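Pasting upload01.pdb here (PDB, C-alpha atoms, pLDDT in the B column):
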```
ATOM      1  CA  MET A  27     262.843   3.042 145.099  1.00 91.00           C
ATOM      2  CA  GLN A  28     260.164   5.186 143.599  1.00 95.00           C
ATOM      3  CA  GLU A  29     257.267   7.360 144.668  1.00 95.00           C
ATOM      4  CA  ALA A  30     255.197   6.658 141.555  1.00 96.00           C
ATOM      5  CA  PRO A  31     252.925   3.624 141.201  1.00 97.00           C
ATOM      6  CA  PHE A  32     254.133   0.685 139.125  1.00 97.00           C
ATOM      7  CA  ASP A  33     252.287  -1.710 136.857  1.00 98.00           C
ATOM      8  CA  LEU A  34     252.772  -5.241 138.199  1.00 97.00           C
ATOM      9  CA  GLY A  35     251.928  -6.938 134.891  1.00 98.00           C
ATOM     10  CA  GLU A  36     254.244  -4.701 132.908  1.00 98.00           C
ATOM     11  CA  GLU A  37     257.128  -5.121 135.346  1.00 98.00           C
ATOM     12  CA  ALA A  38     256.687  -8.895 135.475  1.00 98.00           C
ATOM     13  CA  ARG A  39     256.478  -9.129 131.668  1.00 98.00           C
ATOM     14  CA  ALA A  40     259.560  -6.942 131.135  1.00 98.00           C
ATOM     15  CA  PHE A  41     261.516  -8.879 133.772  1.00 98.00           C
ATOM     16  CA  THR A  42     260.558 -12.206 132.185  1.00 98.00           C
ATOM     17  CA  ALA A  43     261.395 -10.964 128.687  1.00 97.00           C
ATOM     18  CA  ARG A  44     264.937 -10.024 129.806  1.00 96.00           C
ATOM     19  CA  GLN A  45     265.777 -13.611 130.799  1.00 96.00           C
ATOM     20  CA  THR A  46     267.513 -16.164 128.622  1.00 95.00           C
ATOM     21  CA  GLY A  47     267.793 -19.824 129.544  1.00 95.00           C
ATOM     22  CA  MET A  48     265.694 -19.414 132.706  1.00 97.00           C
ATOM     23  CA  GLY A  49     262.940 -21.929 133.449  1.00 97.00           C
ATOM     24  CA  ALA A  50     261.222 -20.065 136.294  1.00 98.00           C
ATOM     25  CA  VAL A  51     260.183 -16.564 137.313  1.00 98.00           C
ATOM     26  CA  VAL A  52     258.661 -15.935 140.762  1.00 98.00           C
ATOM     27  CA  THR A  53     257.088 -12.602 141.694  1.00 98.00           C
ATOM     28  CA  PHE A  54     255.801 -11.354 145.033  1.00 98.00           C
ATOM     29  CA  THR A  55     253.784  -8.165 145.504  1.00 97.00           C
ATOM     30  CA  GLY A  56     252.974  -6.317 148.736  1.00 96.00           C
ATOM     31  CA  ILE A  57     249.667  -4.422 148.928  1.00 96.00           C
ATOM     32  CA  VAL A  58     248.554  -1.719 151.388  1.00 95.00           C
ATOM     33  CA  ARG A  59     246.106  -3.427 153.779  1.00 90.00           C
ATOM     34  CA  ASP A  60     243.129  -1.611 155.223  1.00 85.00           C
ATOM     35  CA  VAL A  61     243.067  -1.421 159.034  1.00 77.00           C
ATOM     36  CA  ALA A  62     240.253  -1.818 161.558  1.00 71.00           C
ATOM     37  CA  ASP A  63     239.421   1.873 161.892  1.00 71.00           C
ATOM     38  CA  GLY A  64     239.742   2.561 158.174  1.00 85.00           C
ATOM     39  CA  LEU A  65     243.013   3.561 156.581  1.00 84.00           C
ATOM     40  CA  ASP A  66     243.196   6.973 154.919  1.00 90.00           C
ATOM     41  CA  VAL A  67     246.874   6.944 154.031  1.00 94.00           C
ATOM     42  CA  MET A  68     249.858   4.656 154.512  1.00 96.00           C
ATOM     43  CA  GLU A  69     252.893   6.903 154.714  1.00 97.00           C
ATOM     44  CA  ILE A  70     256.185   5.223 153.858  1.00 97.00           C
ATOM     45  CA  GLU A  71     259.349   6.988 154.936  1.00 98.00           C
ATOM     46  CA  HIS A  72     262.805   5.849 153.881  1.00 98.00           C
ATOM     47  CA  TYR A  73     266.466   6.761 154.305  1.00 98.00           C
ATOM     48  CA  PRO A  74     267.430   7.840 150.785  1.00 96.00           C
ATOM     49  CA  GLY A  75     271.189   7.619 151.340  1.00 94.00           C
ATOM     50  CA  MET A  76     271.013   4.070 152.675  1.00 97.00           C
ATOM     51  CA  THR A  77     268.094   2.434 150.880  1.00 96.00           C
ATOM     52  CA  GLY A  78     269.863   1.803 147.578  1.00 95.00           C
ATOM     53  CA  ARG A  79     272.885   0.171 149.138  1.00 94.00           C
ATOM     54  CA  ALA A  80     270.763  -1.875 151.563  1.00 96.00           C
ATOM     55  CA  LEU A  81     268.639  -3.252 148.693  1.00 96.00           C
ATOM     56  CA  THR A  82     271.738  -3.974 146.610  1.00 96.00           C
ATOM     57  CA  LYS A  83     273.299  -5.838 149.511  1.00 96.00           C
ATOM     58  CA  ILE A  84     270.161  -7.949 150.029  1.00 97.00           C
ATOM     59  CA  ALA A  85     269.985  -8.750 146.306  1.00 97.00           C
ATOM     60  CA  GLU A  86     273.694  -9.684 146.210  1.00 97.00           C
ATOM     61  CA  GLU A  87     273.238 -11.952 149.209  1.00 97.00           C
ATOM     62  CA  ALA A  88     270.380 -13.747 147.415  1.00 98.00           C
ATOM     63  CA  ARG A  89     272.517 -14.153 144.285  1.00 97.00           C
ATOM     64  CA  ALA A  90     275.322 -15.649 146.385  1.00 98.00           C
ATOM     65  CA  ARG A  91     273.009 -18.220 147.994  1.00 98.00           C
ATOM     66  CA  TRP A  92     270.934 -19.379 145.036  1.00 98.00           C
ATOM     67  CA  SER A  93     271.504 -19.888 141.360  1.00 98.00           C
ATOM     68  CA  LEU A  94     269.656 -16.893 139.951  1.00 98.00           C
ATOM     69  CA  GLY A  95     269.572 -15.368 136.500  1.00 97.00           C
ATOM     70  CA  ASP A  96     268.226 -12.054 137.749  1.00 97.00           C
ATOM     71  CA  VAL A  97     266.703 -10.230 140.735  1.00 98.00           C
ATOM     72  CA  LEU A  98     264.316  -7.256 140.757  1.00 97.00           C
ATOM     73  CA  ILE A  99     263.273  -5.226 143.820  1.00 97.00           C
ATOM     74  CA  LEU A 100     260.840  -2.306 143.502  1.00 97.00           C
ATOM     75  CA  HIS A 101     259.776  -0.423 146.641  1.00 97.00           C
ATOM     76  CA  ARG A 102     257.623   2.675 146.815  1.00 98.00           C
ATOM     77  CA  PHE A 103     257.711   5.467 149.369  1.00 97.00           C
ATOM     78  CA  GLY A 104     255.473   8.460 150.058  1.00 97.00           C
ATOM     79  CA  ARG A 105     251.728   8.449 150.694  1.00 97.00           C
ATOM     80  CA  LEU A 106     249.802   5.378 149.578  1.00 97.00           C
ATOM     81  CA  ARG A 107     246.160   4.348 149.911  1.00 95.00           C
ATOM     82  CA  ALA A 108     244.588   0.994 150.749  1.00 92.00           C
ATOM     83  CA  ASP A 109     244.888  -1.563 147.933  1.00 94.00           C
ATOM     84  CA  GLU A 110     247.789   0.259 146.259  1.00 96.00           C
ATOM     85  CA  LEU A 111     250.881  -1.823 145.495  1.00 97.00           C
ATOM     86  CA  ILE A 112     253.754  -1.048 147.887  1.00 97.00           C
ATOM     87  CA  MET A 113     256.512  -3.187 146.478  1.00 97.00           C
ATOM     88  CA  MET A 114     257.434  -6.203 144.413  1.00 98.00           C
ATOM     89  CA  VAL A 115     260.285  -8.638 144.029  1.00 98.00           C
ATOM     90  CA  ALA A 116     260.976 -10.890 141.082  1.00 98.00           C
ATOM     91  CA  THR A 117     263.526 -13.686 140.799  1.00 98.00           C
ATOM     92  CA  ALA A 118     264.507 -15.807 137.823  1.00 98.00           C
ATOM     93  CA  SER A 119     266.260 -19.164 137.907  1.00 98.00           C
ATOM     94  CA  ARG A 120     266.701 -22.283 135.795  1.00 98.00           C
ATOM     95  CA  HIS A 121     264.629 -24.378 138.245  1.00 97.00           C
ATOM     96  CA  ARG A 122     261.786 -23.101 140.396  1.00 97.00           C
ATOM     97  CA  ALA A 123     263.162 -23.943 143.861  1.00 98.00           C
ATOM     98  CA  ASP A 124     265.893 -21.294 143.638  1.00 98.00           C
ATOM     99  CA  ALA A 125     263.471 -18.584 142.500  1.00 98.00           C
ATOM    100  CA  PHE A 126     260.885 -19.420 145.209  1.00 98.00           C
ATOM    101  CA  GLN A 127     263.401 -19.572 148.048  1.00 98.00           C
ATOM    102  CA  ALA A 128     265.258 -16.462 146.944  1.00 98.00           C
ATOM    103  CA  ALA A 129     261.976 -14.510 146.761  1.00 98.00           C
ATOM    104  CA  GLU A 130     261.108 -15.521 150.336  1.00 97.00           C
ATOM    105  CA  PHE A 131     264.599 -14.600 151.495  1.00 98.00           C
ATOM    106  CA  LEU A 132     264.338 -11.195 149.810  1.00 98.00           C
ATOM    107  CA  MET A 133     260.996 -10.534 151.503  1.00 97.00           C
ATOM    108  CA  ASP A 134     262.240 -11.547 154.947  1.00 96.00           C
ATOM    109  CA  TYR A 135     265.247  -9.247 154.609  1.00 96.00           C
ATOM    110  CA  LEU A 136     263.269  -6.359 153.118  1.00 96.00           C
ATOM    111  CA  LYS A 137     260.952  -6.456 156.149  1.00 95.00           C
ATOM    112  CA  SER A 138     263.704  -5.985 158.716  1.00 94.00           C
ATOM    113  CA  ARG A 139     266.874  -4.800 156.972  1.00 95.00           C
ATOM    114  CA  ALA A 140     265.763  -2.230 154.412  1.00 97.00           C
ATOM    115  CA  PRO A 141     265.385   1.295 155.865  1.00 98.00           C
ATOM    116  CA  PHE A 142     261.647   1.847 155.372  1.00 98.00           C
ATOM    117  CA  TRP A 143     259.122   2.831 158.043  1.00 98.00           C
ATOM    118  CA  LYS A 144     255.353   2.750 157.727  1.00 97.00           C
ATOM    119  CA  LYS A 145     252.899   5.104 159.387  1.00 96.00           C
ATOM    120  CA  GLU A 146     249.175   4.417 159.223  1.00 94.00           C
ATOM    121  CA  HIS A 147     246.842   7.417 159.106  1.00 94.00           C
ATOM    122  CA  GLY A 148     243.308   6.336 160.043  1.00 91.00           C
ATOM    123  CA  ARG A 149     240.112   7.985 161.148  1.00 86.00           C
ATOM    124  CA  ASP A 150     241.199   7.727 164.803  1.00 84.00           C
ATOM    125  CA  GLY A 151     244.649   9.191 164.304  1.00 89.00           C
ATOM    126  CA  ALA A 152     248.038   8.111 163.091  1.00 92.00           C
ATOM    127  CA  GLY A 153     250.626   5.653 164.348  1.00 94.00           C
ATOM    128  CA  TRP A 154     253.915   4.086 163.298  1.00 96.00           C
ATOM    129  CA  VAL A 155     253.685   0.405 162.455  1.00 94.00           C
ATOM    130  CA  ALA A 156     255.752  -1.537 165.004  1.00 94.00           C
ATOM    131  CA  ALA A 157     258.209  -4.175 163.833  1.00 93.00           C
ATOM    132  CA  ARG A 158     257.063  -7.666 164.823  1.00 92.00           C
ATOM    133  CA  ASP A 159     259.283 -10.145 166.658  1.00 90.00           C
ATOM    134  CA  GLU A 160     258.275 -12.794 164.098  1.00 92.00           C
ATOM    135  CA  ASP A 161     259.775 -10.679 161.328  1.00 92.00           C
ATOM    136  CA  GLU A 162     263.133 -10.536 163.091  1.00 90.00           C
ATOM    137  CA  ALA A 163     262.918 -14.256 163.971  1.00 92.00           C
ATOM    138  CA  ALA A 164     262.209 -15.066 160.301  1.00 92.00           C
ATOM    139  CA  LEU A 165     265.804 -14.095 159.452  1.00 93.00           C
ATOM    140  CA  ASP A 166     267.138 -16.958 161.573  1.00 92.00           C
ATOM    141  CA  ARG A 167     265.954 -19.584 159.132  1.00 92.00           C
ATOM    142  CA  TRP A 168     268.395 -18.327 156.518  1.00 93.00           C
TER     143      TRP A 168
ATOM    144  CA  MET B  17     279.198  14.933 161.436  1.00 97.00           C
ATOM    145  CA  ASP B  18     275.597  14.677 160.316  1.00 98.00           C
ATOM    146  CA  VAL B  19     273.195  12.974 162.727  1.00 98.00           C
ATOM    147  CA  LEU B  20     269.958  11.879 161.061  1.00 98.00           C
ATOM    148  CA  TYR B  21     266.654  10.814 162.600  1.00 98.00           C
ATOM    149  CA  PHE B  22     263.831   8.839 160.998  1.00 98.00           C
ATOM    150  CA  ALA B  23     260.216   7.909 161.772  1.00 98.00           C
ATOM    151  CA  TRP B  24     259.141   8.471 165.393  1.00 98.00           C
ATOM    152  CA  VAL B  25     262.710   9.349 166.441  1.00 98.00           C
ATOM    153  CA  ARG B  26     262.548  12.299 164.017  1.00 98.00           C
ATOM    154  CA  GLU B  27     259.104  13.270 165.278  1.00 97.00           C
ATOM    155  CA  ARG B  28     260.154  13.091 168.929  1.00 97.00           C
ATOM    156  CA  ILE B  29     263.274  15.182 168.361  1.00 97.00           C
ATOM    157  CA  GLY B  30     261.421  17.595 166.091  1.00 97.00           C
ATOM    158  CA  HIS B  31     263.748  17.750 163.095  1.00 97.00           C
ATOM    159  CA  PRO B  32     265.479  15.320 160.723  1.00 98.00           C
ATOM    160  CA  LEU B  33     269.120  16.380 161.008  1.00 98.00           C
ATOM    161  CA  ASP B  34     271.693  17.813 163.410  1.00 98.00           C
ATOM    162  CA  ARG B  35     275.187  18.883 162.416  1.00 98.00           C
ATOM    163  CA  VAL B  36     277.299  17.839 165.396  1.00 97.00           C
ATOM    164  CA  GLU B  37     280.877  18.565 166.446  1.00 96.00           C
ATOM    165  CA  THR B  38     281.842  15.668 168.672  1.00 95.00           C
ATOM    166  CA  GLU B  39     284.762  13.766 170.123  1.00 95.00           C
ATOM    167  CA  ALA B  40     282.551  10.774 170.888  1.00 97.00           C
ATOM    168  CA  ALA B  41     284.480   7.528 170.384  1.00 98.00           C
ATOM    169  CA  THR B  42     281.450   5.278 169.918  1.00 98.00           C
ATOM    170  CA  VAL B  43     277.781   5.553 169.001  1.00 98.00           C
ATOM    171  CA  ARG B  44     276.936   5.025 172.678  1.00 98.00           C
ATOM    172  CA  ASP B  45     279.112   8.020 173.642  1.00 98.00           C
ATOM    173  CA  LEU B  46     277.358  10.130 171.013  1.00 98.00           C
ATOM    174  CA  VAL B  47     273.973   9.087 172.419  1.00 98.00           C
ATOM    175  CA  GLU B  48     275.105  10.197 175.887  1.00 97.00           C
ATOM    176  CA  GLU B  49     276.030  13.614 174.495  1.00 97.00           C
ATOM    177  CA  LEU B  50     272.726  13.966 172.634  1.00 98.00           C
ATOM    178  CA  ARG B  51     270.717  12.942 175.704  1.00 97.00           C
ATOM    179  CA  THR B  52     272.060  15.934 177.648  1.00 96.00           C
ATOM    180  CA  ARG B  53     270.957  18.422 174.967  1.00 95.00           C
ATOM    181  CA  GLU B  54     267.263  18.724 175.767  1.00 94.00           C
ATOM    182  CA  ASP B  55     264.413  16.715 177.237  1.00 96.00           C
ATOM    183  CA  ARG B  56     263.136  15.669 173.814  1.00 97.00           C
ATOM    184  CA  TYR B  57     266.522  14.086 173.037  1.00 98.00           C
ATOM    185  CA  ALA B  58     266.487  12.299 176.388  1.00 97.00           C
ATOM    186  CA  ALA B  59     262.980  11.047 175.552  1.00 96.00           C
ATOM    187  CA  ALA B  60     263.961   9.859 172.079  1.00 97.00           C
ATOM    188  CA  PHE B  61     266.997   7.997 173.420  1.00 98.00           C
ATOM    189  CA  ALA B  62     265.385   6.707 176.621  1.00 96.00           C
ATOM    190  CA  ASP B  63     265.308   3.068 175.491  1.00 96.00           C
ATOM    191  CA  LEU B  64     268.127   2.036 173.177  1.00 96.00           C
ATOM    192  CA  SER B  65     266.607  -1.414 172.694  1.00 95.00           C
ATOM    193  CA  ALA B  66     263.838   0.329 170.709  1.00 96.00           C
ATOM    194  CA  LEU B  67     266.379   1.950 168.373  1.00 97.00           C
ATOM    195  CA  ARG B  68     268.645   0.913 165.534  1.00 98.00           C
ATOM    196  CA  VAL B  69     271.690   2.779 164.274  1.00 98.00           C
ATOM    197  CA  ALA B  70     273.555   3.111 160.984  1.00 98.00           C
ATOM    198  CA  VAL B  71     277.043   4.602 160.646  1.00 98.00           C
ATOM    199  CA  ASP B  72     277.839   5.906 157.165  1.00 98.00           C
ATOM    200  CA  GLN B  73     274.691   4.192 155.913  1.00 97.00           C
ATOM    201  CA  GLU B  74     275.605   0.716 157.175  1.00 96.00           C
ATOM    202  CA  LEU B  75     273.555  -0.904 159.922  1.00 96.00           C
ATOM    203  CA  THR B  76     275.689  -1.400 163.027  1.00 97.00           C
ATOM    204  CA  ASP B  77     275.401  -1.427 166.841  1.00 97.00           C
ATOM    205  CA  PHE B  78     275.777   1.066 169.667  1.00 98.00           C
ATOM    206  CA  ASP B  79     279.366   0.027 170.403  1.00 98.00           C
ATOM    207  CA  ALA B  80     280.516   0.870 166.882  1.00 98.00           C
ATOM    208  CA  PRO B  81     283.471   3.280 166.724  1.00 98.00           C
ATOM    209  CA  LEU B  82     282.898   6.720 165.216  1.00 97.00           C
ATOM    210  CA  ALA B  83     286.444   7.503 164.089  1.00 95.00           C
ATOM    211  CA  GLY B  84     286.188   9.008 160.597  1.00 95.00           C
ATOM    212  CA  ALA B  85     282.400   8.648 160.473  1.00 97.00           C
ATOM    213  CA  ARG B  86     280.558  11.302 158.467  1.00 97.00           C
ATOM    214  CA  GLU B  87     276.949  10.273 159.057  1.00 98.00           C
ATOM    215  CA  VAL B  88     275.123   8.568 161.910  1.00 98.00           C
ATOM    216  CA  ALA B  89     271.412   7.741 161.681  1.00 98.00           C
ATOM    217  CA  PHE B  90     269.005   6.696 164.438  1.00 98.00           C
ATOM    218  CA  PHE B  91     265.663   5.034 163.749  1.00 98.00           C
ATOM    219  CA  PRO B  92     263.209   2.433 165.017  1.00 98.00           C
ATOM    220  CA  PRO B  93     263.333  -1.178 163.764  1.00 97.00           C
ATOM    221  CA  MET B  94     262.581  -1.129 160.049  1.00 97.00           C
ATOM    222  CA  THR B  95     259.215  -2.094 158.595  1.00 96.00           C
ATOM    223  CA  GLY B  96     259.761  -2.549 154.887  1.00 93.00           C
ATOM    224  CA  GLY B  97     258.068  -4.920 152.504  1.00 89.00           C
TER     225      GLY B  97
END
```
The structure in this file should be written as structure tokens.
Amino acid sequence: MQEAPFDLGEEARAFTARQTGMGAVVTFTGIVRDVADGLDVMEIEHYPGMTGRALTKIAEEARARWSLGDVLILHRFGRLRADELIMMVATASRHRADAFQAAEFLMDYLKSRAPFWKKEHGRDGAGWVAARDEDEAALDRW
Amino acid sequence: MDVLYFAWVRERIGHPLDRVETEAATVRDLVEELRTREDRYAAAFADLSALRVAVDQELTDFDAPLAGAREVAFFPPMTGG
């Protein structure tokens, strides 16, 4: 977890360079979306004591299910603006199917099981982003 | 024990942390005690289906026992990613 921005290209390059014997690297990046009334700030709150262990648990679960050389999860908190990068995951595997599936799994679990909360500050006020039923339902496929 | 609040639960209650002396056996018992404190607690805990709970930083449910617990956190469903 970090408050500071990260460089997607640099992180992806460094992650890829660390691998040996891997045939595939998949990365996913989440970006702050603008909203209808214009987003001033996306505030991301987290639970510092729990976030690290929750992310570790999600990464370990992915490693147990797929054959992975490595897993990276970066997630920002604090005050972000539209088009800033919120988070990224990267997975490495010998064959691409494991890396693709593990990345999707990580994203589904990060949505609903990592202690982050988003609040949108727009021109017409501020509001907490509600969790969507689809996000919870997405966990069932794993 | 430390009771922590996040996101709109924190806003509704008005602060992020309470230090609580309690004999509550389960999370649900603790919620009942907190509800009687003040109206803003009753409002925050009005609908438990809108809340999630972690005991000692592990996600659990409202029937979880509190014996030996040091930290309980209440928050809305998470919206990471």
Residues of chain B at most 7 Å from chain A: nearest atom pair and distance in Å, only C-alpha atoms, as a Markdown table:
```
| residue | atom | partner | partner_atom | distance |
| --- | --- | --- | --- | --- |
| B:Ala23 | CA | A:Trp143 | CA | 6.4 |
| B:Gln73 | CA | A:Met76 | CA | 4.9 |
| B:Pro93 | CA | A:Ala157 | CA | 5.9 |
| B:Met94 | CA | A:Ser138 | CA | 5.2 |
| B:Thr95 | CA | A:Trp143 | CA | 5.0 |
| B:Gly96 | CA | A:Lys137 | CA | 4.3 |
| B:Gly97 | CA | A:Lys137 | CA | 4.9 |
```
Can I get the selection written as a PDB file, in the frame of the given file, with C-alpha atoms?
```pdb
ATOM      1  CA  ALA B  23     260.216   7.909 161.772  1.00 98.00           C
ATOM      2  CA  GLN B  73     274.691   4.192 155.913  1.00 97.00           C
ATOM      3  CA  PRO B  93     263.333  -1.178 163.764  1.00 97.00           C
ATOM      4  CA  MET B  94     262.581  -1.129 160.049  1.00 97.00           C
ATOM      5  CA  THR B  95     259.215  -2.094 158.595  1.00 96.00           C
ATOM      6  CA  GLY B  96     259.761  -2.549 154.887  1.00 93.00           C
ATOM      7  CA  GLY B  97     258.068  -4.920 152.504  1.00 89.00           C
TER       8      GLY B  97
END
```
>> Can you translate the PyMOL selection byres ((chain A and resi 106) around 7) into the concrete residues it hits in this file, as a ChimeraX atom specification?
In response: /A:67-69,104-105,107-108,110
> Distance atom CA of Phe61 of chain B-atom CA of Asp166 of chain A, one decimal place?
Replying inline: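 Calculated distance between atom CA of Phe61 of chain B and atom CA of Asp166 of chain A is 27.6 Å.
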>> As a check of understanding, name the residues that the PyMOL selection byres ((chain A and resi 52) around 8) selects in the supplied structure, as a VMD selection string.
In response: chain A and resid 50 to 51 53 to 54 116 to 118 122 125 to 126 129
Okay, now the selection with C-alpha atoms, as a tab-separated table (two decimals), in the frame of the given file?
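Resulting contents of selection-v3.tsv:
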```
chain	number	residue	atom	x	y	z
A	50	ALA	CA	261.22	-20.07	136.29
A	51	VAL	CA	260.18	-16.56	137.31
A	53	THR	CA	257.09	-12.60	141.69
A	54	PHE	CA	255.80	-11.35	145.03
A	116	ALA	CA	260.98	-10.89	141.08
A	117	THR	CA	263.53	-13.69	140.80
A	118	ALA	CA	264.51	-15.81	137.82
A	122	ARG	CA	261.79	-23.10	140.40
A	125	ALA	CA	263.47	-18.58	142.50
A	126	PHE	CA	260.88	-19.42	145.21
A	129	ALA	CA	261.98	-14.51	146.76
```
>> If I take atom CA of Phe131 of chain A and atom CA of Ala70 of chain B, how far is one from the other in Å, to one decimal?
In response: 22.0 Å
> Expressed in Å to a single decimal, how great is the separation between atom CA of Leu111 of chain A and atom CA of Pro32 of chain B?
Replying inline: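 Distance reported for this atom pair: 27.2 Å.
With all atoms listed in the file as the atoms that count, the residue of A:Arg44, A:Glu36, A:Leu65, A:Glu130 with the shortest distance to Gly95 of chain A is A:Arg44.
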> Which one is closest to Phe90 of chain B: B:Ile29, B:Leu75, B:Leu20, B:Leu64? Count all atoms listed in the file.
Replying inline: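 With all atoms listed in the file as the atom set, the closest residue is B:Leu20.
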> Within 10 Å of segment 42-56 of chain B, counting only C-alpha atoms, which residues qualify if same-chain residues fewer than 6 places away don't, as a list in words?
Replying inline: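 Using only C-alpha atoms, the neighbours found are Val19, Val25, Glu27, Arg28, Ile29, Gly30, Val36, Ala62, Leu64, Val69, Ala70, Val71, Thr76, Asp77, Phe78, Asp79, Ala80, Pro81, Leu82, Ala83, Val88, Ala89 and Phe90 of chain B.
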> Taking into account all atoms listed in the file, which residue in the set B:Ala59, B:Ser65, B:Asp72, B:Arg86 is nearest to Arg35 of chain B?
Replying inline: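 Of all the options, B:Arg86 lies closest to Arg35 of chain B.
If only C-alpha atoms are the atoms counted, then among A:Ala62, A:Phe41, A:Asp33, A:Ala123 the closest residue to Glu146 of chain A is A:Ala62.
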Reconstructed segment 66-72 of chain A, atom set all heavy atoms, as a CSV table (one decimal), in the coordinates of the input:
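Result went into selection-v9.csv, see below:
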```
chain,number,residue,atom,x,y,z
A,66,ASP,N,243.2,5.9,155.9
A,66,ASP,CA,243.2,7.0,154.9
A,66,ASP,C,244.5,6.9,154.1
A,66,ASP,O,244.4,7.0,152.8
A,66,ASP,CB,243.1,8.3,155.6
A,66,ASP,CG,241.7,8.5,156.2
A,66,ASP,OD1,240.7,8.0,155.6
A,66,ASP,OD2,241.6,9.2,157.3
A,67,VAL,N,245.6,6.9,154.7
A,67,VAL,CA,246.9,6.9,154.0
A,67,VAL,C,247.9,6.1,154.8
A,67,VAL,O,248.0,6.1,156.0
A,67,VAL,CB,247.4,8.4,154.0
A,67,VAL,CG1,248.9,8.4,153.5
A,67,VAL,CG2,246.6,9.3,153.1
A,68,MET,N,248.7,5.3,154.0
A,68,MET,CA,249.9,4.7,154.5
A,68,MET,C,251.1,5.5,154.0
A,68,MET,O,251.3,5.6,152.8
A,68,MET,CB,249.9,3.2,154.0
A,68,MET,CG,251.3,2.6,154.2
A,68,MET,SD,251.4,1.9,155.9
A,68,MET,CE,250.7,0.3,155.6
A,69,GLU,N,251.7,6.1,155.0
A,69,GLU,CA,252.9,6.9,154.7
A,69,GLU,C,254.1,6.0,154.8
A,69,GLU,O,254.3,5.4,155.9
A,69,GLU,CB,252.9,8.1,155.7
A,69,GLU,CG,254.0,9.0,155.5
A,69,GLU,CD,254.1,10.1,156.7
A,69,GLU,OE1,253.1,10.2,157.4
A,69,GLU,OE2,255.1,10.7,156.8
A,70,ILE,N,255.0,6.0,153.8
A,70,ILE,CA,256.2,5.2,153.9
A,70,ILE,C,257.4,6.2,153.8
A,70,ILE,O,257.6,6.9,152.8
A,70,ILE,CB,256.2,4.2,152.7
A,70,ILE,CG1,255.0,3.2,152.8
A,70,ILE,CG2,257.5,3.4,152.8
A,70,ILE,CD1,254.9,2.3,151.7
A,71,GLU,N,258.1,6.1,154.9
A,71,GLU,CA,259.3,7.0,154.9
A,71,GLU,C,260.6,6.1,154.6
A,71,GLU,O,260.5,4.9,155.0
A,71,GLU,CB,259.4,7.6,156.4
A,71,GLU,CG,260.7,8.4,156.6
A,71,GLU,CD,260.6,9.2,158.0
A,71,GLU,OE1,259.5,9.4,158.5
A,71,GLU,OE2,261.7,9.5,158.5
A,72,HIS,N,261.6,6.6,154.0
A,72,HIS,CA,262.8,5.8,153.9
A,72,HIS,C,264.0,6.7,154.1
A,72,HIS,O,263.9,7.9,154.3
A,72,HIS,CB,262.8,5.1,152.5
A,72,HIS,CG,263.2,5.9,151.3
A,72,HIS,ND1,264.2,5.6,150.5
A,72,HIS,CD2,262.6,7.1,150.9
A,72,HIS,CE1,264.2,6.5,149.5
A,72,HIS,NE2,263.3,7.4,149.7
```
